[in-house]
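Okay, work_31.csv now, which holds CSV, C-alpha atoms:
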chain,number,residue,atom,x,y,z
A,260,MET,CA,45.8,43.0,-23.2
A,261,ALA,CA,45.1,46.5,-21.9
A,262,VAL,CA,42.0,45.3,-20.1
A,263,LEU,CA,43.8,42.4,-18.5
A,264,SER,CA,46.6,44.6,-17.5
A,265,ALA,CA,44.2,47.1,-15.9
A,266,LEU,CA,42.4,44.2,-14.1
A,267,VAL,CA,45.7,42.8,-12.7
A,268,THR,CA,46.6,46.3,-11.5
A,269,ARG,CA,43.3,46.7,-9.8
A,270,VAL,CA,43.7,43.3,-8.0
A,271,ALA,CA,47.2,44.2,-7.0
A,272,LEU,CA,45.9,47.4,-5.4
A,273,LYS,CA,43.3,45.5,-3.4
A,274,VAL,CA,45.2,42.6,-2.1
A,275,LYS,CA,48.8,42.4,-0.8
A,276,THR,CA,49.9,38.9,-1.8
A,277,GLN,CA,52.5,37.0,0.2
A,278,SER,CA,54.5,35.4,-2.6
A,279,LYS,CA,55.0,35.2,-6.3
A,280,LYS,CA,53.6,31.7,-6.2
A,281,VAL,CA,50.2,33.2,-5.1
A,282,ASN,CA,50.3,35.7,-8.0
A,283,LYS,CA,51.1,32.9,-10.5
A,284,SER,CA,48.3,30.7,-9.1
A,285,TRP,CA,45.8,33.6,-9.4
A,286,LEU,CA,46.8,34.4,-13.0
A,287,ASN,CA,46.6,30.7,-14.0
A,288,ASP,CA,43.1,30.4,-12.5
A,289,HIS,CA,42.1,33.7,-14.1
A,290,VAL,CA,43.2,32.8,-17.6
A,291,ASN,CA,41.3,29.4,-17.4
A,292,ASP,CA,38.2,30.8,-15.8
A,293,PRO,CA,35.1,30.2,-17.9
A,294,TYR,CA,33.6,33.6,-17.0
A,295,VAL,CA,36.8,35.3,-18.1
A,296,LYS,CA,36.5,33.5,-21.5
A,297,LEU,CA,32.8,34.4,-21.7
A,298,ALA,CA,33.6,38.0,-20.9
A,299,LYS,CA,36.1,38.1,-23.7
A,300,LYS,CA,33.5,36.6,-26.1
A,301,ASP,CA,30.7,38.9,-25.1
A,302,GLY,CA,32.9,42.1,-25.1
A,303,TYR,CA,32.9,42.7,-21.3
A,304,ARG,CA,36.0,44.1,-19.7
A,305,ALA,CA,35.8,41.8,-16.7
A,306,ARG,CA,34.1,38.7,-15.5
A,307,ALA,CA,32.3,40.9,-12.8
A,308,ALA,CA,29.7,41.7,-15.4
A,309,TYR,CA,28.1,38.3,-14.9
A,310,LYS,CA,27.8,38.9,-11.1
A,311,LEU,CA,25.6,41.9,-11.7
A,312,LYS,CA,23.8,40.2,-14.6
A,313,GLU,CA,22.8,37.3,-12.4
A,314,ILE,CA,21.6,39.6,-9.6
A,315,ASP,CA,19.7,41.8,-12.0
A,316,GLU,CA,18.1,38.8,-13.8
A,317,GLN,CA,17.0,37.3,-10.5
A,318,LEU,CA,15.5,40.5,-9.1
A,319,GLY,CA,14.7,42.7,-12.1
A,320,LEU,CA,16.4,45.8,-10.8
A,321,ILE,CA,17.6,47.7,-13.9
A,322,LYS,CA,15.1,48.8,-16.5
A,323,PRO,CA,15.0,51.1,-19.6
A,324,GLY,CA,14.6,54.7,-18.6
A,325,HIS,CA,16.5,54.3,-15.3
A,326,LEU,CA,19.1,56.5,-13.8
A,327,VAL,CA,21.9,54.3,-12.5
A,328,VAL,CA,25.0,55.2,-10.4
A,329,ASP,CA,27.9,52.8,-10.6
A,330,LEU,CA,30.3,53.2,-7.6
A,331,GLY,CA,33.8,51.6,-7.9
A,332,SER,CA,33.2,51.2,-11.7
A,333,THR,CA,36.7,50.5,-13.1
A,334,PRO,CA,37.5,48.7,-15.3
A,335,GLY,CA,33.9,49.3,-16.5
A,336,ALA,CA,32.2,45.9,-16.7
A,337,TRP,CA,29.2,46.8,-14.6
A,338,SER,CA,28.7,50.0,-16.5
A,339,GLN,CA,28.9,48.0,-19.7
A,340,TYR,CA,26.2,45.7,-18.5
A,341,VAL,CA,24.0,48.5,-17.3
A,342,ARG,CA,24.5,50.3,-20.7
A,343,ARG,CA,23.2,47.2,-22.5
A,344,ARG,CA,20.2,46.9,-20.2
A,345,LEU,CA,19.3,50.5,-21.0
A,346,SER,CA,19.7,50.1,-24.7
A,347,PRO,CA,16.5,49.6,-26.6
A,348,GLU,CA,18.2,46.6,-28.4
A,349,GLY,CA,20.6,45.5,-25.7
A,350,ALA,CA,23.5,46.9,-27.7
A,351,ALA,CA,26.9,48.0,-26.5
A,352,VAL,CA,26.7,51.2,-28.6
A,353,GLY,CA,24.0,53.4,-30.1
A,354,ALA,CA,20.7,54.5,-28.6
A,355,LEU,CA,20.4,54.7,-24.8
A,356,ASN,CA,17.2,55.0,-22.8
A,357,GLY,CA,18.4,56.1,-19.5
A,358,THR,CA,21.4,57.6,-17.7
A,359,ILE,CA,24.6,56.1,-16.2
A,360,ILE,CA,27.0,57.9,-14.0
A,361,ALA,CA,30.1,56.0,-12.9
A,362,VAL,CA,32.7,56.8,-10.2
A,363,ASP,CA,36.1,55.3,-9.4
A,364,ILE,CA,39.4,56.3,-7.8
A,365,LEU,CA,41.1,54.5,-10.7
A,366,PRO,CA,40.9,55.7,-14.3
A,367,MET,CA,38.4,54.0,-16.6
A,368,GLU,CA,38.4,53.7,-20.4
A,369,PRO,CA,35.3,55.4,-21.8
A,370,VAL,CA,32.1,53.4,-22.1
A,371,GLU,CA,29.7,54.9,-24.7
A,372,GLY,CA,26.9,56.8,-23.0
A,373,VAL,CA,28.4,56.6,-19.5
A,374,GLN,CA,29.4,59.7,-17.7
A,375,PHE,CA,32.6,58.9,-15.7
A,376,ILE,CA,33.8,60.8,-12.6
A,377,HIS,CA,37.5,60.1,-11.8
A,378,GLY,CA,38.0,60.5,-8.1
A,379,ASP,CA,37.7,59.0,-4.6
A,380,PHE,CA,34.1,58.6,-3.5
A,381,ARG,CA,35.2,59.0,0.1
A,382,GLU,CA,36.2,62.6,-0.7
A,383,PRO,CA,33.5,65.3,-0.2
A,384,SER,CA,34.6,67.1,-3.4
A,385,VAL,CA,34.0,63.9,-5.5
A,386,LEU,CA,30.6,63.3,-3.8
A,387,ALA,CA,29.7,66.9,-4.6
A,388,HIS,CA,30.7,66.3,-8.3
A,389,LEU,CA,28.5,63.2,-8.4
A,390,GLU,CA,25.6,65.0,-6.8
A,391,ALA,CA,25.9,67.9,-9.3
A,392,ALA,CA,25.9,65.4,-12.2
A,393,LEU,CA,22.5,64.1,-10.9
A,394,GLN,CA,21.0,67.5,-11.7
A,395,ASN,CA,18.5,67.1,-8.9
A,396,GLN,CA,17.2,63.8,-10.3
A,397,MET,CA,16.5,60.9,-8.0
A,398,VAL,CA,18.3,57.6,-8.7
A,399,ASP,CA,16.6,54.3,-9.6
A,400,VAL,CA,19.5,52.0,-8.8
A,401,VAL,CA,22.9,52.3,-7.1
A,402,VAL,CA,25.4,49.5,-7.7
A,403,SER,CA,28.7,49.4,-5.7
A,404,ASP,CA,31.6,47.2,-6.5
A,405,MET,CA,33.8,49.3,-4.2
A,406,ALA,CA,36.4,47.4,-2.1
A,407,PRO,CA,39.3,48.6,0.0
A,408,ASN,CA,42.9,47.7,-0.2
A,409,LEU,CA,43.1,44.6,2.0
A,410,SER,CA,45.8,44.4,4.6
A,411,GLY,CA,45.2,40.8,5.9
A,412,VAL,CA,44.4,42.2,9.3
A,413,GLU,CA,40.7,41.1,9.8
A,414,SER,CA,39.6,43.8,12.1
A,415,ALA,CA,41.1,46.6,10.0
A,416,ASP,CA,39.8,45.2,6.8
A,417,ALA,CA,36.3,44.7,8.2
A,418,ALA,CA,36.3,48.4,9.3
A,419,ARG,CA,37.4,49.5,5.8
A,420,ILE,CA,34.7,47.3,4.1
A,421,ALA,CA,32.0,48.5,6.4
A,422,TYR,CA,33.0,52.2,5.8
A,423,LEU,CA,32.5,51.8,2.0
A,424,VAL,CA,29.2,50.0,2.4
A,425,GLU,CA,28.0,52.7,4.8
A,426,LEU,CA,29.0,55.4,2.4
A,427,ALA,CA,27.0,53.8,-0.4
A,428,LEU,CA,24.1,53.3,2.0
A,429,GLU,CA,24.2,57.0,3.1
A,430,PHE,CA,24.3,58.1,-0.5
A,431,SER,CA,21.4,55.9,-1.4
A,432,GLN,CA,19.3,57.1,1.5
A,433,LYS,CA,19.7,60.6,0.2
A,434,HIS,CA,19.4,60.1,-3.5
A,435,LEU,CA,17.4,56.9,-4.2
A,436,LYS,CA,13.8,56.9,-5.3
A,437,ASP,CA,11.4,55.4,-2.7
A,438,LYS,CA,11.3,52.1,-4.6
A,439,GLY,CA,14.9,52.3,-5.7
A,440,SER,CA,17.6,49.6,-5.2
A,441,LEU,CA,21.1,49.4,-3.8
A,442,VAL,CA,23.6,46.6,-4.6
A,443,VAL,CA,26.8,46.4,-2.7
A,444,LYS,CA,29.8,44.1,-2.5
A,445,MET,CA,30.5,42.7,0.9
A,446,PHE,CA,32.7,40.0,2.5
A,447,HIS,CA,31.7,37.4,5.0
A,448,GLY,CA,33.5,37.9,8.3
A,449,SER,CA,33.7,40.3,11.1
A,450,GLY,CA,31.1,43.0,10.8
A,451,TYR,CA,29.0,41.2,8.2
A,452,SER,CA,25.9,40.6,10.4
A,453,GLN,CA,25.9,44.2,11.6
A,454,LEU,CA,25.8,45.5,8.0
A,455,VAL,CA,23.0,43.1,7.1
A,456,LYS,CA,21.1,44.5,10.2
A,457,LEU,CA,21.7,48.0,8.9
A,458,PHE,CA,20.3,47.1,5.5
A,459,LYS,CA,17.2,45.6,7.1
A,460,GLU,CA,16.7,48.8,9.1
A,461,THR,CA,16.9,50.8,5.9
A,462,PHE,CA,15.1,48.7,3.2
A,463,PHE,CA,11.8,46.8,3.0
A,464,VAL,CA,13.4,43.9,1.1
A,465,VAL,CA,17.0,42.7,1.7
A,466,LYS,CA,18.6,39.8,-0.2
A,467,PRO,CA,22.1,38.4,0.2
A,468,ILE,CA,23.3,36.8,-3.1
A,469,LYS,CA,26.5,35.0,-4.0
A,470,PRO,CA,26.4,34.9,-7.8
A,471,LYS,CA,27.8,31.8,-9.7
A,472,ALA,CA,30.5,34.1,-11.2
A,473,SER,CA,31.9,34.7,-7.7
A,474,ARG,CA,34.7,32.3,-7.0
A,475,ASP,CA,33.9,29.5,-4.6
A,476,LYS,CA,36.9,30.2,-2.4
A,477,SER,CA,36.1,33.9,-2.2
A,478,SER,CA,34.2,35.3,0.9
A,479,GLU,CA,32.7,37.9,-1.5
A,480,THR,CA,29.0,38.2,-1.5
A,481,PHE,CA,26.5,40.9,-2.5
A,482,LEU,CA,23.7,42.5,-0.5
A,483,VAL,CA,20.7,44.0,-2.2
A,484,GLY,CA,18.3,46.4,-0.6
A,485,ILE,CA,15.0,47.3,-2.3
A,486,GLY,CA,12.5,50.1,-1.3
A,487,LEU,CA,13.6,52.7,1.3
A,488,LYS,CA,12.0,52.6,4.7
A,489,HIS,CA,13.3,56.0,5.5
A,490,ARG,CA,15.5,58.7,4.1
A,491,ASN,CA,18.5,60.6,5.3
A,492,ILE,CA,17.1,63.7,6.9
A,493,ALA,CA,19.6,65.8,4.9
A,494,ASN,CA,17.7,64.9,1.7
A,495,PRO,CA,16.1,68.1,0.3

This entry written out as C-alpha coordinates:
Amino acid sequence: MAVLSALVTRVALKVKTQSKKVNKSWLNDHVNDPYVKLAKKDGYRARAAYKLKEIDEQLGLIKPGHLVVDLGSTPGAWSQYVRRRLSPEGAAVGALNGTIIAVDILPMEPVEGVQFIHGDFREPSVLAHLEAALQNQMVDVVVSDMAPNLSGVESADAARIAYLVELALEFSQKHLKDKGSLVVKMFHGSGYSQLVKLFKETFFVVKPIKPKASRDKSSETFLVGIGLKHRNIANP
(Lines of atoms letter the chains of each structure in order from A and count residues from 1; the text may use other names and numbers.)
(Lines give C-alpha, C1' and ligand atoms only; values in the text may rest on other atoms or scores of the structure.)
Protein backbone atom coordinates (compact mmCIF):
# COMPACT_ATOMS: atom_id res chain seq x y z
CA MET A 1 0.00 0.00 0.00
CA ALA A 2 2.91 2.38 0.73
CA VAL A 3 4.23 2.03 -2.81
CA LEU A 4 0.78 2.58 -4.37
CA SER A 5 0.27 5.61 -2.14
CA ALA A 6 3.60 7.08 -3.23
CA LEU A 7 2.77 6.44 -6.88
CA VAL A 8 -0.62 8.11 -6.60
CA THR A 9 1.04 11.08 -4.88
CA ARG A 10 3.60 11.34 -7.69
CA VAL A 11 0.90 11.30 -10.36
CA ALA A 12 -1.08 13.92 -8.48
CA LEU A 13 1.97 16.16 -8.48
CA LYS A 14 2.44 15.80 -12.23
CA VAL A 15 -1.11 16.25 -13.51
CA LYS A 16 -3.85 18.59 -12.35
CA THR A 17 -6.98 16.58 -12.99
CA GLN A 18 -10.27 18.29 -13.71
CA SER A 19 -12.64 16.11 -11.69
CA LYS A 20 -12.97 13.30 -9.19
CA LYS A 21 -14.35 11.18 -12.03
CA VAL A 22 -10.98 11.39 -13.82
CA ASN A 23 -9.16 10.29 -10.67
CA LYS A 24 -11.54 7.37 -10.18
CA SER A 25 -11.13 6.30 -13.80
CA TRP A 26 -7.32 6.43 -13.54
CA LEU A 27 -7.29 4.40 -10.32
CA ASN A 28 -9.60 1.79 -11.86
CA ASP A 29 -7.38 1.48 -14.93
CA HIS A 30 -4.28 1.35 -12.74
CA VAL A 31 -5.54 -1.43 -10.46
CA ASN A 32 -6.56 -3.57 -13.46
CA ASP A 33 -3.44 -2.85 -15.51
CA PRO A 34 -1.53 -6.08 -16.36
CA TYR A 35 1.82 -4.34 -15.90
CA VAL A 36 0.79 -3.17 -12.43
CA LYS A 37 -0.03 -6.77 -11.53
CA LEU A 38 3.24 -7.97 -13.08
CA ALA A 39 5.21 -5.34 -11.15
CA LYS A 40 3.67 -6.55 -7.91
CA LYS A 41 4.51 -10.15 -8.80
CA ASP A 42 8.12 -9.33 -9.75
CA GLY A 43 8.74 -7.02 -6.81
CA TYR A 44 8.96 -3.74 -8.71
CA ARG A 45 7.60 -0.56 -7.17
CA ALA A 46 5.95 0.62 -10.38
CA ARG A 47 4.98 -0.57 -13.85
CA ALA A 48 7.56 1.86 -15.26
CA ALA A 49 10.22 -0.81 -14.73
CA TYR A 50 8.93 -2.63 -17.83
CA LYS A 51 9.35 0.48 -19.99
CA LEU A 52 13.07 0.61 -19.25
CA LYS A 53 13.30 -3.18 -19.43
CA GLU A 54 11.91 -3.23 -22.98
CA ILE A 55 14.19 -0.38 -24.10
CA ASP A 56 17.23 -2.06 -22.57
CA GLU A 57 16.43 -5.49 -24.00
CA GLN A 58 15.93 -3.97 -27.44
CA LEU A 59 19.17 -1.95 -27.44
CA GLY A 60 21.42 -3.66 -24.88
CA LEU A 61 22.28 -0.47 -23.02
CA ILE A 62 22.91 -1.55 -19.42
CA LYS A 63 25.66 -4.08 -18.70
CA PRO A 64 27.48 -5.42 -15.61
CA GLY A 65 30.22 -3.09 -14.47
CA HIS A 66 28.42 0.03 -15.67
CA LEU A 67 27.99 3.31 -13.85
CA VAL A 68 24.36 4.37 -14.29
CA VAL A 69 22.68 7.64 -13.27
CA ASP A 70 18.91 7.57 -12.74
CA LEU A 71 17.30 11.02 -12.95
CA GLY A 72 13.75 11.37 -11.62
CA SER A 73 14.09 8.01 -9.87
CA THR A 74 11.20 7.96 -7.36
CA PRO A 75 9.50 5.60 -6.55
CA GLY A 76 12.54 3.56 -7.60
CA ALA A 77 11.37 1.09 -10.24
CA TRP A 78 14.04 2.07 -12.78
CA SER A 79 16.75 1.88 -10.13
CA GLN A 80 15.42 -1.55 -9.15
CA TYR A 81 15.65 -2.73 -12.76
CA VAL A 82 19.17 -1.35 -13.20
CA ARG A 83 20.21 -2.94 -9.90
CA ARG A 84 19.08 -6.34 -11.15
CA ARG A 85 20.90 -5.85 -14.45
CA LEU A 86 24.12 -5.13 -12.57
CA SER A 87 23.72 -8.10 -10.27
CA PRO A 88 25.78 -11.17 -11.25
CA GLU A 89 22.65 -13.28 -10.82
CA GLY A 90 19.97 -10.70 -11.64
CA ALA A 91 18.99 -10.48 -7.98
CA ALA A 92 17.27 -7.63 -6.18
CA VAL A 93 19.73 -7.92 -3.29
CA GLY A 94 23.27 -9.12 -2.73
CA ALA A 95 26.33 -8.72 -4.93
CA LEU A 96 26.43 -5.78 -7.33
CA ASN A 97 28.81 -5.34 -10.25
CA GLY A 98 28.51 -1.64 -11.00
CA THR A 99 27.35 1.68 -9.56
CA ILE A 100 23.92 3.32 -9.49
CA ILE A 101 23.30 6.92 -8.45
CA ALA A 102 19.68 8.09 -8.32
CA VAL A 103 18.27 11.60 -7.98
CA ASP A 104 14.74 12.89 -7.36
CA ILE A 105 12.98 15.91 -5.90
CA LEU A 106 10.67 13.45 -4.08
CA PRO A 107 11.89 11.08 -1.35
CA MET A 108 12.61 7.47 -2.35
CA GLU A 109 12.64 4.38 -0.19
CA PRO A 110 16.12 2.82 -0.24
CA VAL A 111 17.03 0.36 -2.99
CA GLU A 112 19.90 -1.88 -1.95
CA GLY A 113 23.14 -0.79 -3.58
CA VAL A 114 21.71 2.47 -4.95
CA GLN A 115 23.06 5.83 -3.79
CA PHE A 116 20.12 8.24 -3.62
CA ILE A 117 20.38 12.02 -3.73
CA HIS A 118 17.22 13.78 -2.55
CA GLY A 119 16.90 17.11 -4.33
CA ASP A 120 15.85 19.06 -7.41
CA PHE A 121 18.10 18.27 -10.38
CA ARG A 122 17.40 21.77 -11.69
CA GLU A 123 19.24 23.27 -8.70
CA PRO A 124 23.02 23.85 -9.10
CA SER A 125 23.68 22.54 -5.57
CA VAL A 126 22.00 19.21 -6.35
CA LEU A 127 23.88 18.90 -9.63
CA ALA A 128 27.11 19.60 -7.74
CA HIS A 129 26.22 16.86 -5.24
CA LEU A 130 25.65 14.42 -8.10
CA GLU A 131 28.91 15.37 -9.80
CA ALA A 132 30.77 14.87 -6.51
CA ALA A 133 29.20 11.42 -6.14
CA LEU A 134 30.64 10.44 -9.54
CA GLN A 135 34.15 10.83 -8.12
CA ASN A 136 35.54 11.89 -11.50
CA GLN A 137 34.24 8.71 -13.15
CA MET A 138 32.55 8.88 -16.55
CA VAL A 139 29.01 7.51 -16.85
CA ASP A 140 27.97 4.59 -19.06
CA VAL A 141 24.22 5.23 -19.09
CA VAL A 142 21.96 8.08 -18.02
CA VAL A 143 18.25 7.29 -17.70
CA SER A 144 15.74 10.05 -17.10
CA ASP A 145 12.10 9.56 -16.17
CA MET A 146 11.83 13.21 -15.12
CA ALA A 147 8.57 14.97 -15.94
CA PRO A 148 7.25 18.38 -14.89
CA ASN A 149 4.00 19.25 -13.18
CA LEU A 150 1.63 19.55 -16.14
CA SER A 151 -0.65 22.60 -16.28
CA GLY A 152 -2.73 21.67 -19.32
CA VAL A 153 -1.43 24.71 -21.20
CA GLU A 154 0.37 23.11 -24.14
CA SER A 155 2.97 25.81 -24.77
CA ALA A 156 3.93 26.06 -21.09
CA ASP A 157 4.05 22.29 -20.63
CA ALA A 158 6.15 21.84 -23.78
CA ALA A 159 8.66 24.38 -22.45
CA ARG A 160 8.89 22.60 -19.07
CA ILE A 161 9.36 19.21 -20.74
CA ALA A 162 12.01 20.56 -23.10
CA TYR A 163 13.89 22.15 -20.21
CA LEU A 164 14.19 18.86 -18.33
CA VAL A 165 15.28 17.00 -21.47
CA GLU A 166 17.87 19.67 -22.19
CA LEU A 167 19.22 19.43 -18.63
CA ALA A 168 19.62 15.65 -18.96
CA LEU A 169 21.27 16.17 -22.34
CA GLU A 170 23.65 18.80 -20.98
CA PHE A 171 24.63 16.54 -18.09
CA SER A 172 25.20 13.65 -20.50
CA GLN A 173 27.37 15.73 -22.82
CA LYS A 174 29.62 16.49 -19.88
CA HIS A 175 29.67 13.15 -18.07
CA LEU A 176 28.88 10.31 -20.50
CA LYS A 177 31.57 8.08 -21.92
CA ASP A 178 32.07 8.46 -25.67
CA LYS A 179 30.00 5.35 -26.37
CA GLY A 180 27.54 6.03 -23.54
CA SER A 181 23.76 6.22 -23.77
CA LEU A 182 20.99 8.55 -22.67
CA VAL A 183 17.34 7.56 -22.26
CA VAL A 184 14.79 10.34 -21.67
CA LYS A 185 11.04 10.48 -21.31
CA MET A 186 9.30 12.83 -23.72
CA PHE A 187 5.78 13.65 -24.89
CA HIS A 188 4.56 14.07 -28.45
CA GLY A 189 3.37 17.57 -29.12
CA SER A 190 4.80 21.06 -29.41
CA GLY A 191 8.59 21.04 -29.32
CA TYR A 192 9.00 17.30 -29.89
CA SER A 193 10.62 17.56 -33.33
CA GLN A 194 13.07 20.18 -32.08
CA LEU A 195 14.21 17.89 -29.26
CA VAL A 196 14.67 14.99 -31.69
CA LYS A 197 16.76 17.31 -33.87
CA LEU A 198 18.87 18.24 -30.84
CA PHE A 199 19.45 14.55 -30.06
CA LYS A 200 20.50 13.89 -33.66
CA GLU A 201 23.00 16.72 -33.44
CA THR A 202 24.44 15.21 -30.24
CA PHE A 203 24.39 11.41 -30.75
CA PHE A 204 25.43 9.11 -33.58
CA VAL A 205 22.42 6.83 -33.01
CA VAL A 206 18.97 8.18 -32.04
CA LYS A 207 15.94 5.93 -31.54
CA PRO A 208 12.42 6.94 -30.46
CA ILE A 209 10.69 4.09 -28.63
CA LYS A 210 7.18 3.73 -27.21
CA PRO A 211 7.33 0.64 -24.97
CA LYS A 212 4.36 -1.67 -24.71
CA ALA A 213 4.09 -0.74 -21.03
CA SER A 214 3.31 2.87 -22.00
CA ARG A 215 -0.44 3.32 -22.09
CA ASP A 216 -1.92 3.63 -25.58
CA LYS A 217 -3.75 6.86 -24.81
CA SER A 218 -0.63 8.48 -23.38
CA SER A 219 1.53 10.79 -25.55
CA GLU A 220 4.52 9.53 -23.59
CA THR A 221 7.44 8.20 -25.57
CA PHE A 222 11.16 7.70 -24.95
CA LEU A 223 14.13 8.95 -26.90
CA VAL A 224 17.45 7.10 -26.80
CA GLY A 225 20.77 8.59 -27.84
CA ILE A 226 23.87 6.39 -28.20
CA GLY A 227 27.45 7.54 -28.80
CA LEU A 228 28.36 11.19 -28.35
CA LYS A 229 29.26 13.18 -31.44
CA HIS A 230 30.68 15.98 -29.32
CA ARG A 231 31.03 17.02 -25.70
CA ASN A 232 30.09 20.02 -23.68
CA ILE A 233 33.16 22.25 -23.80
CA ALA A 234 32.94 22.62 -20.01
CA ASN A 235 33.90 18.95 -19.61
CA PRO A 236 37.37 18.70 -17.98

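Considering all atoms listed in the file, the residue among A:Ile359, A:Gly372, A:Gln453, A:Pro470 positioned nearest to A:Gln317 is A:Pro470.
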
### Who sits within 10 Å of stretch 382-387 of chain A, all atoms listed in the file, same chain under 4 positions skipped, as a VMD selection string
chain A and resid 362 to 364 376 to 378 391 to 393 430

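The gap separating atom CA of A:Tyr309 from atom CA of A:Glu390 is 28.0 Å, in Å to one decimal.
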
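You can rank A:Leu297, A:Ala415, A:Val400, A:Leu435 by their closest distance to A:Thr358 using all atoms listed in the file, and at the top of that list sits A:Val400.
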
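Separating atom CA of A:Ala351 from atom CA of A:Leu389 is a distance of 23.7 Å.
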
Closest atom pairs, stretch 279-354 of chain A residues within 9 Å of stretch 394-399 of chain A, all atoms listed in the file, as CSV:
residue,atom,partner,partner_atom,distance
A:Leu320,CA,A:Asp399,CA,8.6
A:Ile321,CA,A:Asp399,CA,7.9
A:Lys322,CA,A:Asp399,CA,9.0
A:His325,CA,A:Asp399,CA,5.7
A:Leu326,CA,A:Val398,CA,5.3
A:Val327,CA,A:Asp399,CA,6.0
A:Val328,CA,A:Val398,CA,7.3

### Query
Which one of A:Asn356, A:Leu365, A:Val402, A:Val370 sits closest to A:Gln339 if you count all atoms listed in the file?
A:Val370

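Here atom CA of A:Lys312 is placed at a distance of 28.2 Å from atom CA of A:Ala418.
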
### Message
Which residue is closest to A:Ala406? Choose from A:Phe481, A:Phe462, A:Phe375, A:Tyr303 and count all atoms listed in the file.
### Response
A:Phe481

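Closest approach to A:Glu316 from the set A:Leu330, A:Ala350, A:Val464, A:Val341 is made by A:Val341, with distances taken over only C-alpha atoms.
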
### Task
Please identify all polymer residues within 10 Å of A:Arg343, counting only C-alpha atoms, omitting same-chain residues fewer than 2 positions from it, and present them as number ranges by chain.
A: 323, 337-341, 345-356

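Using only C-alpha atoms, the shortest contact distance between A:Gly331 and any of A:Asp379, A:Asp416, A:Glu479, A:Asp315 is found at A:Asp379.
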
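Within a radius of 12 Å around (25.7, 40.3, 9.7), the polymer residues are Ala417, Ala421, Met445, Phe446, His447, Gly448, Ser449, Gly450, Tyr451, Ser452, Gln453, Leu454, Val455, Lys456, Leu457, Phe458, Lys459, Pro467, Thr480 and Leu482 of chain A, counting only C-alpha atoms.
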
### Task
Find the residues near A:Pro293: any atom within 12 Å, counting only C-alpha atoms, skip ones fewer than 5 places away on the same chain, and give them as a list in words.
Asp288, Ala298, Lys299, Lys300, Ala305, Arg306, Tyr309, Lys471, Ala472, Ser473 and Arg474 of chain A
